[in-house]
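Undergrad: Before I ask anything, here is the structure I am working with.
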Amino acid sequence: EFLDGGGRQMRSVISTVDEDVDAVTAAVESPFSGGSSTALANSIRLIRNRRGLRYQGRVHNYLVGVRKAFCSTFRILHHGYDLDQEGLHRKFERTTGLLRMDIEEDPANPRPHHFLAVSYLSHGLYKEAVEEAELAIRLFEKKKTDPANYLWSLYIASSAYLETGNPEEARKLAEKAIQSDIYHLDSHYILAVVAYRSKDHEAFHFHLGRYLETRDLISKEPSRFGGMVHNTFASRWLLHLFKGILKLEKKERDTAQDEFTKAKALSPDPFSYHFTLGGLLSESGEFPPAMEELHKALDLNPGEPKVLWNLSCVYAGLGKRTEQVQCIERLLAMAPEFPGAHFQAGLACMELGKHANAREFFQKARVLRPC
């Protein structure tokens with residue numbers, strides 16, 4: 001799907017591009033994670049019908065034989081990663097199966113390892129993502145080829161480490177990427193998140209500034225970045241939320257609200273904004289405003305169990321055990337096997353003196369997760 005007059009721009013490029021150009025790239029935006037995130041990359045979308053140009057690979061195939069490419073600025077919206085759960089599962093099974101076949105044929109080729117890591121990360125298989133990404137990194141370094149996917153592999157491993165509670169490894173890999181290319185957007189994002197979680201205000205503001213500077217360069221001079229993939233291009237709103245929370249913790253409430261307002265304007269949708277802000281406020285111990293934000297998220301999406309779970313945590317923080325149990329019971333009606341819900345409800349019932357109810361919750365928790 002063309003964006004912002006992309007079709008007209010493409011026709012103009014076709015009529016004016018030099019004869020010795022083999023291929024033309026477009027700025028391709030790829031929504032993922034249900035549309036809550038968007039990646040951006042320059043990707044070849046037009047080729048001349050010449051001998052020697054061919055695609056290679058079973059999946060995530062790439063052009064071989066391109067001698068000269070022209071980087072255009074027309075934009076395309078790619079919907080291939082913004083699928084429902086069933087579609088994502090089918091795509092995952094097909095893609096990983098084909099990539100394993102490529103690996104079996106040529107285990108020293110970093111590309112299929114890299115794209116297998118991409119698939120694992122997208123499905124929350126963080127341990128597997130780290131293993132494949134780190135193998136791809138070693139192979140890319142050995143071959144000294146494909147710098148764009150090398151940086152992407154570093155981001156995958158770094159992001160997976162961050163998700164599994166290993167910020168130090170995430171930081172090391174992100175810093176390694178920046179040593180390779182100081183304008184690697186995703187690594188500045190990772191380092192900003194690491195700094196936010198450790199409450200390192202100086203490092204957070206440094207990497208936030210570098211992120212915003214790099215993002216501006218990507219928008220103005222896309223050709224400068226070649227085939228580099230920018231997974232966090234649309235994540236600016238999250239950094240504004242983080243900055244707002246840091247300001248709130250320093251009692252700079254007006255400045256914090258300014259950052260929240262910026263984040264809301266940039267967020268992909270109102271639900272994502274209220275749900276994420278509610279979670280961050282809860283983590284910071286700001287329980288009353290967290291409850292307000294999570295109720296707004298619940299009004300927008302009453303069927304999302306994660307909202308009820310976060311809301312139950314807020315009630316726990318406020319010492320409102322009855323409301324906590326009610327919230328968890330409503331959650332379990334939607335998602336009977338929600339991790340940790342039965343156990344937390346049991347603890348809350350114990351505090352309320354409802355020992356029979358607590359025993360029932362604990363028994364269910366034991367069935368779901370036996371020792």
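The chains in the structure tokens are called A, B, ... from first to last as shown; in each chain the residues are counted from 1, and the ligands are counted from 1 in the order shown.
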Just the residues within 10 Å of region 228-230 of chain A, please, counting only C-alpha atoms, with nothing from its chain fewer than 4 positions along; format it as a CSV table (one decimal) with all heavy atoms, in the first residue's frame.
TA:
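So the final result, stored in part-v4.csv, reads:
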chain,number,residue,atom,x,y,z
A,28,VAL,N,10.0,1.3,3.4
A,28,VAL,CA,9.0,0.4,3.7
A,28,VAL,C,8.7,0.4,5.2
A,28,VAL,O,9.6,0.1,6.0
A,28,VAL,CB,9.3,-1.1,3.2
A,28,VAL,CG1,8.2,-2.1,3.6
A,28,VAL,CG2,9.6,-1.1,1.7
A,29,GLU,N,7.5,0.7,5.5
A,29,GLU,CA,7.0,0.7,6.9
A,29,GLU,C,6.3,-0.6,7.2
A,29,GLU,O,5.3,-1.0,6.4
A,29,GLU,CB,6.1,1.9,7.2
A,29,GLU,CG,6.8,3.2,7.1
A,29,GLU,CD,6.0,4.4,7.5
A,29,GLU,OE1,4.9,4.2,8.2
A,29,GLU,OE2,6.3,5.5,7.1
A,38,THR,N,6.2,-0.3,14.7
A,38,THR,CA,6.4,-0.2,13.3
A,38,THR,C,7.9,-0.2,13.0
A,38,THR,O,8.6,0.6,13.6
A,38,THR,CB,5.8,1.0,12.7
A,38,THR,OG1,4.3,1.0,12.9
A,38,THR,CG2,6.0,1.1,11.2
A,39,ALA,N,8.4,-1.1,12.1
A,39,ALA,CA,9.8,-1.0,11.7
A,39,ALA,C,9.8,-0.3,10.3
A,39,ALA,O,8.9,-0.2,9.6
A,39,ALA,CB,10.3,-2.4,11.5
A,40,LEU,N,11.0,0.3,10.1
A,40,LEU,CA,11.2,1.1,8.8
A,40,LEU,C,12.5,0.6,8.2
A,40,LEU,O,13.5,0.4,8.9
A,40,LEU,CB,11.3,2.6,9.1
A,40,LEU,CG,11.6,3.5,8.0
A,40,LEU,CD1,10.4,3.5,7.0
A,40,LEU,CD2,11.9,4.9,8.4
A,41,ALA,N,12.6,0.4,6.9
A,41,ALA,CA,13.8,0.0,6.2
A,41,ALA,C,13.7,0.4,4.8
A,41,ALA,O,12.6,0.5,4.2
A,41,ALA,CB,14.1,-1.4,6.4
A,42,ASN,N,14.9,0.7,4.2
A,42,ASN,CA,15.0,0.9,2.7
A,42,ASN,C,15.0,-0.5,2.1
A,42,ASN,O,15.9,-1.3,2.5
A,42,ASN,CB,16.2,1.6,2.3
A,42,ASN,CG,16.2,3.1,2.8
A,42,ASN,OD1,15.2,3.7,2.7
A,42,ASN,ND2,17.3,3.6,3.3
A,43,SER,N,14.1,-0.8,1.2
A,43,SER,CA,14.0,-2.2,0.7
A,43,SER,C,13.8,-2.1,-0.8
A,43,SER,O,13.0,-1.3,-1.3
A,43,SER,CB,12.9,-2.9,1.3
A,43,SER,OG,12.8,-4.2,0.8
A,146,ASP,N,27.3,-8.0,5.0
A,146,ASP,CA,25.9,-7.7,5.4
A,146,ASP,C,25.9,-6.9,6.7
A,146,ASP,O,25.3,-7.4,7.7
A,146,ASP,CB,25.2,-9.0,5.5
A,146,ASP,CG,23.7,-8.8,5.3
A,146,ASP,OD1,23.2,-7.6,5.3
A,146,ASP,OD2,22.9,-9.8,5.3
A,147,PRO,N,26.4,-5.7,6.7
A,147,PRO,CA,26.4,-4.9,8.0
A,147,PRO,C,25.0,-4.6,8.5
A,147,PRO,O,24.8,-4.5,9.7
A,147,PRO,CB,27.2,-3.7,7.6
A,147,PRO,CG,27.1,-3.6,6.1
A,147,PRO,CD,27.1,-5.0,5.6
A,148,ALA,N,24.1,-4.5,7.6
A,148,ALA,CA,22.7,-4.1,8.1
A,148,ALA,C,22.1,-5.2,8.9
A,148,ALA,O,21.6,-5.0,10.0
A,148,ALA,CB,21.8,-3.8,6.9
A,149,ASN,N,22.2,-6.5,8.4
A,149,ASN,CA,21.6,-7.6,9.2
A,149,ASN,C,22.5,-8.0,10.4
A,149,ASN,O,22.0,-8.5,11.4
A,149,ASN,CB,21.5,-8.8,8.3
A,149,ASN,CG,20.2,-8.7,7.4
A,149,ASN,OD1,19.3,-8.0,7.7
A,149,ASN,ND2,20.3,-9.3,6.2
A,150,TYR,N,23.8,-7.6,10.3
A,150,TYR,CA,24.7,-7.8,11.5
A,150,TYR,C,24.2,-6.9,12.7
A,150,TYR,O,24.0,-7.4,13.8
A,150,TYR,CB,26.1,-7.5,11.1
A,150,TYR,CG,27.1,-7.3,12.3
A,150,TYR,CD1,27.4,-8.5,13.1
A,150,TYR,CD2,27.7,-6.1,12.6
A,150,TYR,CE1,28.3,-8.3,14.1
A,150,TYR,CE2,28.5,-6.0,13.7
A,150,TYR,CZ,28.8,-7.1,14.4
A,150,TYR,OH,29.7,-7.0,15.5
A,151,LEU,N,23.9,-5.7,12.4
A,151,LEU,CA,23.4,-4.8,13.4
A,151,LEU,C,22.0,-5.2,13.9
A,151,LEU,O,21.7,-5.1,15.1
A,151,LEU,CB,23.3,-3.3,12.8
A,151,LEU,CG,24.6,-2.6,12.6
A,151,LEU,CD1,24.4,-1.4,11.8
A,151,LEU,CD2,25.3,-2.3,13.9
A,152,TRP,N,21.2,-5.7,13.0
A,152,TRP,CA,19.9,-6.2,13.3
A,152,TRP,C,20.0,-7.4,14.3
A,152,TRP,O,19.3,-7.5,15.3
A,152,TRP,CB,19.1,-6.6,12.1
A,152,TRP,CG,17.7,-6.9,12.2
A,152,TRP,CD1,16.9,-6.9,13.4
A,152,TRP,CD2,16.7,-7.2,11.2
A,152,TRP,NE1,15.6,-7.2,13.2
A,152,TRP,CE2,15.5,-7.4,11.8
A,152,TRP,CE3,16.8,-7.4,9.8
A,152,TRP,CZ2,14.3,-7.7,11.1
A,152,TRP,CZ3,15.7,-7.7,9.1
A,152,TRP,CH2,14.5,-7.9,9.7
A,155,TYR,N,20.7,-6.2,17.7
A,155,TYR,CA,19.5,-5.7,18.3
A,155,TYR,C,18.6,-6.9,18.8
A,155,TYR,O,18.1,-6.8,19.9
A,155,TYR,CB,18.7,-4.8,17.3
A,155,TYR,CG,17.3,-4.6,17.8
A,155,TYR,CD1,17.1,-3.7,18.9
A,155,TYR,CD2,16.2,-5.2,17.2
A,155,TYR,CE1,15.8,-3.5,19.3
A,155,TYR,CE2,14.9,-5.0,17.7
A,155,TYR,CZ,14.7,-4.1,18.8
A,155,TYR,OH,13.5,-3.9,19.2
A,184,HIS,N,23.1,3.8,15.0
A,184,HIS,CA,22.2,2.7,15.0
A,184,HIS,C,21.0,3.0,16.0
A,184,HIS,O,21.2,2.9,17.2
A,184,HIS,CB,22.9,1.4,15.4
A,184,HIS,CG,22.1,0.2,15.3
A,184,HIS,ND1,21.9,-0.7,16.3
A,184,HIS,CD2,21.3,-0.3,14.3
A,184,HIS,CE1,21.1,-1.7,15.9
A,184,HIS,NE2,20.7,-1.4,14.7
A,185,LEU,N,19.9,3.3,15.4
A,185,LEU,CA,18.7,3.8,16.2
A,185,LEU,C,18.3,2.8,17.2
A,185,LEU,O,18.1,3.2,18.4
A,185,LEU,CB,17.5,4.0,15.2
A,185,LEU,CG,16.3,4.6,15.8
A,185,LEU,CD1,16.4,6.1,16.0
A,185,LEU,CD2,15.0,4.2,15.0
A,186,ASP,N,18.2,1.5,16.9
A,186,ASP,CA,17.7,0.5,17.8
A,186,ASP,C,18.5,0.4,19.0
A,186,ASP,O,18.0,0.1,20.1
A,186,ASP,CB,17.5,-0.8,17.1
A,186,ASP,CG,16.5,-0.8,16.0
A,186,ASP,OD1,15.6,0.1,16.1
A,186,ASP,OD2,16.5,-1.6,15.1
A,187,SER,N,19.9,0.5,18.9
A,187,SER,CA,20.8,0.3,20.0
A,187,SER,C,20.7,1.5,21.0
A,187,SER,O,20.8,1.4,22.2
A,187,SER,CB,22.2,0.1,19.5
A,187,SER,OG,22.3,-1.1,18.9
A,215,ARG,N,16.8,9.4,14.5
A,215,ARG,CA,15.5,9.3,13.9
A,215,ARG,C,15.2,10.4,12.9
A,215,ARG,O,14.7,10.2,11.8
A,215,ARG,CB,14.4,9.2,15.0
A,215,ARG,CG,13.0,8.8,14.5
A,215,ARG,CD,12.0,8.9,15.6
A,215,ARG,NE,10.7,8.4,15.1
A,215,ARG,CZ,9.9,9.1,14.3
A,215,ARG,NH1,10.2,10.3,14.0
A,215,ARG,NH2,8.7,8.6,13.9
A,218,ILE,N,17.2,9.7,9.8
A,218,ILE,CA,16.5,8.7,9.0
A,218,ILE,C,15.4,9.3,8.1
A,218,ILE,O,15.2,8.9,7.0
A,218,ILE,CB,16.0,7.6,9.9
A,218,ILE,CG1,17.2,6.8,10.5
A,218,ILE,CG2,15.2,6.6,9.1
A,218,ILE,CD1,16.8,5.9,11.7
A,222,PRO,N,17.2,9.2,4.2
A,222,PRO,CA,17.1,7.7,4.3
A,222,PRO,C,18.2,6.9,3.5
A,222,PRO,O,18.6,5.9,4.0
A,222,PRO,CB,15.7,7.4,3.7
A,222,PRO,CG,15.4,8.6,2.8
A,222,PRO,CD,16.0,9.7,3.5
A,223,SER,N,18.7,7.5,2.4
A,223,SER,CA,19.7,6.8,1.7
A,223,SER,C,21.0,6.7,2.5
A,223,SER,O,21.8,5.8,2.2
A,223,SER,CB,20.1,7.6,0.4
A,223,SER,OG,20.5,8.9,0.7
A,224,ARG,N,21.2,7.5,3.5
A,224,ARG,CA,22.4,7.4,4.3
A,224,ARG,C,22.5,6.1,5.1
A,224,ARG,O,23.6,5.7,5.5
A,224,ARG,CB,22.4,8.6,5.3
A,224,ARG,CG,23.5,8.7,6.3
A,224,ARG,CD,23.4,10.0,7.0
A,224,ARG,NE,24.5,10.1,8.0
A,224,ARG,CZ,24.9,11.3,8.6
A,224,ARG,NH1,24.2,12.4,8.3
A,224,ARG,NH2,25.8,11.3,9.5
A,234,ALA,N,9.1,3.7,15.4
A,234,ALA,CA,7.8,4.2,15.9
A,234,ALA,C,7.7,4.2,17.4
A,234,ALA,O,6.6,4.3,18.0
A,234,ALA,CB,6.6,3.5,15.2
Undergrad: Kindly provide the residues of region 229-286 of chain A that approach region 297-311 of chain A to within 6 Å, each paired with its closest atom pair and their distance in Å to one decimal, based on only C-alpha atoms, listed by chain and increasing number, as CSV.
TA:
residue,atom,partner,partner_atom,distance
A:Phe271,CA,A:Ala297,CA,5.2
A:His274,CA,A:Ala297,CA,5.3
A:Phe275,CA,A:Ala297,CA,5.3
Undergrad: Which distance in Å separates CA of Ile190 (chain A) and CA of Arg171 (chain A), to one decimal?
TA: 7.3 Å
Undergrad: Apply DSSP to the structure's backbone, then extract all residues of region 54-94 of chain A labelled strand (DSSP E or B) and return them as a PyMOL selection string.
TA: chain A and resi 54-56+62-64+69-77
Undergrad: Take the residues that were just selected and, keeping N, CA, C and O atoms, output them as a CSV table (one decimal), in the first residue's frame.
TA:
chain,number,residue,atom,x,y,z
A,54,ARG,N,18.9,-12.1,-9.8
A,54,ARG,CA,18.1,-13.2,-9.4
A,54,ARG,C,17.9,-13.2,-7.9
A,54,ARG,O,18.7,-12.6,-7.2
A,55,TYR,N,16.8,-13.8,-7.4
A,55,TYR,CA,16.6,-14.0,-6.0
A,55,TYR,C,17.2,-15.2,-5.5
A,55,TYR,O,17.3,-16.3,-6.1
A,56,GLN,N,17.7,-15.2,-4.2
A,56,GLN,CA,18.3,-16.3,-3.6
A,56,GLN,C,17.7,-16.6,-2.2
A,56,GLN,O,17.5,-15.6,-1.5
A,62,TYR,N,16.7,-12.7,-1.3
A,62,TYR,CA,17.4,-11.4,-1.5
A,62,TYR,C,18.0,-11.4,-3.0
A,62,TYR,O,18.2,-12.5,-3.5
A,63,LEU,N,18.1,-10.2,-3.5
A,63,LEU,CA,18.6,-10.1,-4.9
A,63,LEU,C,20.1,-10.3,-5.0
A,63,LEU,O,20.8,-9.7,-4.1
A,64,VAL,N,20.5,-11.0,-6.0
A,64,VAL,CA,21.9,-11.2,-6.3
A,64,VAL,C,22.2,-10.6,-7.6
A,64,VAL,O,21.4,-10.7,-8.6
A,69,ALA,N,22.1,0.6,-7.1
A,69,ALA,CA,20.7,0.8,-6.7
A,69,ALA,C,20.5,2.3,-6.4
A,69,ALA,O,21.4,3.0,-6.0
A,70,PHE,N,19.3,2.7,-6.6
A,70,PHE,CA,18.9,4.1,-6.3
A,70,PHE,C,17.9,4.1,-5.1
A,70,PHE,O,16.9,3.4,-5.1
A,71,CYS,N,18.3,4.9,-4.1
A,71,CYS,CA,17.5,5.0,-2.9
A,71,CYS,C,16.4,6.1,-3.0
A,71,CYS,O,16.8,7.3,-3.0
A,72,SER,N,15.2,5.7,-3.2
A,72,SER,CA,14.1,6.7,-3.4
A,72,SER,C,13.5,7.0,-2.0
A,72,SER,O,13.8,6.3,-1.0
A,73,THR,N,12.6,7.9,-2.0
A,73,THR,CA,11.9,8.3,-0.8
A,73,THR,C,10.4,8.0,-0.8
A,73,THR,O,9.7,8.3,0.2
A,74,PHE,N,9.9,7.3,-1.8
A,74,PHE,CA,8.5,7.0,-1.8
A,74,PHE,C,8.3,5.9,-0.8
A,74,PHE,O,9.1,5.0,-0.5
A,75,ARG,N,7.1,5.9,-0.1
A,75,ARG,CA,6.9,5.1,1.1
A,75,ARG,C,5.8,4.0,0.8
A,75,ARG,O,4.8,4.3,0.1
A,76,ILE,N,6.0,2.8,1.3
A,76,ILE,CA,5.1,1.7,1.2
A,76,ILE,C,4.8,1.2,2.6
A,76,ILE,O,5.6,1.0,3.4
A,77,LEU,N,3.5,0.9,2.8
A,77,LEU,CA,3.0,0.2,4.0
A,77,LEU,C,2.9,-1.3,3.7
A,77,LEU,O,2.1,-1.7,2.9
Undergrad: Of the candidates A:Ala358, A:Cys327, A:Ile182, A:Leu191, which shows the shortest atom-to-atom distance to Glu168 (chain A), using only C-alpha atoms?
TA: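 Checking each of A:Ala358, A:Cys327, A:Ile182, A:Leu191 against Glu168 (chain A), counting only C-alpha atoms, the winner is A:Leu191.
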Undergrad: Any chance you could list, as a ChimeraX atom specification, the residues in region 109-324 of chain A that come up helix (DSSP H, G or I) when DSSP is run on the backbone?
TA: /A:110-122,126-143,147-163,167-180,185-197,201-220,222-225,236-249,253-266,270-283,287-300,305-317,321-324
Undergrad: List as a ChimeraX atom specification the protein and nucleic acid residues near Arg369 (chain A), meaning an atom at most 10 Å away when only C-alpha atoms are counted, but skip any in the same chain fewer than 3 places from it.
TA: /A:337,339-340,363-366
Undergrad: I'd like the interatomic distance between CA of Ser12 (chain A) and CA of Ser30 (chain A), to a tenth of an Å.
TA: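 So the two atoms, CA of Ser12 (chain A) and CA of Ser30 (chain A), lie 23.6 Å apart.
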Undergrad: State, in Å with one decimal place, the distance from CA of Ser153 (chain A) to CA of Ala133 (chain A).
TA: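 Distance between the two atoms: 5.1 Å.
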Undergrad: Write out as a list in words which residues come within 12 Å of Ala108 (chain A) when counting only C-alpha atoms, dropping same-chain ones fewer than 2 positions away.
TA: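 Answer for this query is Asp102, Ile103, Glu104, Glu105, Asp106, Pro110, Arg111, Pro112, His113, His114, Leu135, Ala136, Ile137, Arg138, Leu139, Phe140, Glu141, Lys142 and Lys143 of chain A.
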Undergrad: For Thr261 (chain A), list every protein, DNA or RNA residue within 9 Å, evaluated using only C-alpha atoms, and leave out those in the same chain fewer than 4 positions away; present the list as number ranges by chain.
TA: A: 240-241, 256-257, 265-266
Undergrad: Just N, CA, C and O atoms for this one: save the residues we selected as a JSON list (two decimals), in the first residue's frame.
TA:
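Written file, again.json:
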[["chain", "number", "residue", "atom", "x", "y", "z"],
["A", 240, "HIS", "N", 9.19, 8.96, 25.52],
["A", 240, "HIS", "CA", 8.57, 10.12, 26.20],
["A", 240, "HIS", "C", 7.85, 9.68, 27.49],
["A", 240, "HIS", "O", 7.89, 10.41, 28.49],
["A", 241, "LEU", "N", 7.22, 8.51, 27.46],
["A", 241, "LEU", "CA", 6.62, 7.99, 28.69],
["A", 241, "LEU", "C", 7.68, 7.76, 29.76],
["A", 241, "LEU", "O", 7.50, 8.13, 30.93],
["A", 256, "ALA", "N", 6.57, 16.23, 33.76],
["A", 256, "ALA", "CA", 6.15, 14.86, 33.49],
["A", 256, "ALA", "C", 4.88, 14.84, 32.65],
["A", 256, "ALA", "O", 4.78, 14.08, 31.68],
["A", 257, "GLN", "N", 3.94, 15.69, 32.97],
["A", 257, "GLN", "CA", 2.68, 15.72, 32.22],
["A", 257, "GLN", "C", 2.92, 16.16, 30.78],
["A", 257, "GLN", "O", 2.26, 15.66, 29.86],
["A", 265, "ALA", "N", 0.15, 11.82, 21.95],
["A", 265, "ALA", "CA", -0.01, 12.27, 20.56],
["A", 265, "ALA", "C", 0.71, 11.35, 19.59],
["A", 265, "ALA", "O", 0.29, 11.22, 18.43],
["A", 266, "LEU", "N", 1.79, 10.70, 20.04],
["A", 266, "LEU", "CA", 2.60, 9.85, 19.16],
["A", 266, "LEU", "C", 2.24, 8.37, 19.25],
["A", 266, "LEU", "O", 2.69, 7.58, 18.42]]
Undergrad: Neighbours of Leu162 (chain A) within 12 Å (only C-alpha atoms; same-chain residues fewer than 6 positions away dropped), as a ChimeraX atom specification?
TA: /A:121,124,126-127,129-130,155-156,168-174,187,189-195,197
Undergrad: Please produce an output containing N, CA and C atoms for each residue in the selection, written as a compact mmCIF listing (two decimals), in the first residue's frame.
TA:
# COMPACT_ATOMS: atom_id res chain seq x y z
N LEU A 121 12.19 -14.07 18.15
CA LEU A 121 11.93 -12.87 18.95
C LEU A 121 10.48 -12.43 18.81
N GLY A 124 8.24 -14.33 21.13
CA GLY A 124 8.55 -14.37 22.54
C GLY A 124 9.41 -15.53 22.97
N TYR A 126 12.59 -16.07 23.65
CA TYR A 126 13.76 -15.23 23.84
C TYR A 126 15.06 -16.04 23.94
N LYS A 127 15.04 -17.18 24.62
CA LYS A 127 16.24 -18.00 24.73
C LYS A 127 16.71 -18.45 23.35
N ALA A 129 15.94 -17.02 20.52
CA ALA A 129 16.34 -15.84 19.76
C ALA A 129 17.78 -15.46 20.06
N VAL A 130 18.16 -15.50 21.33
CA VAL A 130 19.55 -15.19 21.71
C VAL A 130 20.52 -16.16 21.05
N TYR A 155 20.73 -6.24 17.67
CA TYR A 155 19.52 -5.72 18.31
C TYR A 155 18.64 -6.87 18.80
N ILE A 156 18.49 -7.93 18.01
CA ILE A 156 17.64 -9.05 18.41
C ILE A 156 18.15 -9.67 19.71
N GLU A 168 22.49 -6.24 31.59
CA GLU A 168 23.92 -6.04 31.38
C GLU A 168 24.36 -6.59 30.02
N GLU A 169 23.87 -7.80 29.65
CA GLU A 169 24.18 -8.35 28.34
C GLU A 169 23.53 -7.52 27.23
N ALA A 170 22.31 -7.04 27.49
CA ALA A 170 21.64 -6.17 26.52
C ALA A 170 22.47 -4.92 26.27
N ARG A 171 22.98 -4.33 27.34
CA ARG A 171 23.79 -3.12 27.22
C ARG A 171 25.07 -3.38 26.43
N LYS A 172 25.75 -4.48 26.72
CA LYS A 172 27.01 -4.80 26.04
C LYS A 172 26.81 -4.94 24.53
N LEU A 173 25.76 -5.63 24.14
CA LEU A 173 25.51 -5.85 22.71
C LEU A 173 25.09 -4.56 22.01
N ALA A 174 24.29 -3.74 22.69
CA ALA A 174 23.88 -2.46 22.11
C ALA A 174 25.07 -1.54 21.94
N SER A 187 19.86 0.50 18.87
CA SER A 187 20.75 0.34 20.02
C SER A 187 20.66 1.53 20.97
N TYR A 189 17.92 3.10 21.43
CA TYR A 189 16.66 2.82 22.11
C TYR A 189 16.88 1.83 23.26
N ILE A 190 17.58 0.73 22.97
CA ILE A 190 17.84 -0.28 24.00
C ILE A 190 18.59 0.34 25.18
N LEU A 191 19.61 1.14 24.89
CA LEU A 191 20.42 1.74 25.95
C LEU A 191 19.61 2.75 26.76
N ALA A 192 18.67 3.43 26.11
CA ALA A 192 17.78 4.34 26.84
C ALA A 192 16.88 3.54 27.79
N VAL A 193 16.37 2.41 27.32
CA VAL A 193 15.52 1.58 28.18
C VAL A 193 16.31 1.02 29.36
N VAL A 194 17.52 0.53 29.09
CA VAL A 194 18.37 0.02 30.17
C VAL A 194 18.63 1.12 31.20
N ALA A 195 18.93 2.32 30.72
CA ALA A 195 19.19 3.44 31.63
C ALA A 195 17.94 3.82 32.42
N ARG A 197 15.47 1.83 33.31
CA ARG A 197 15.18 0.81 34.34
C ARG A 197 16.15 0.88 35.50
Undergrad: Compare A:Phe204, A:Tyr211, A:Tyr196, A:Phe2 by their minimum atom-to-atom distance to Ile178 (chain A), counting only C-alpha atoms, and give me the closest one.
TA: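 Answer, going by the shortest atom-to-atom distance: A:Tyr211.
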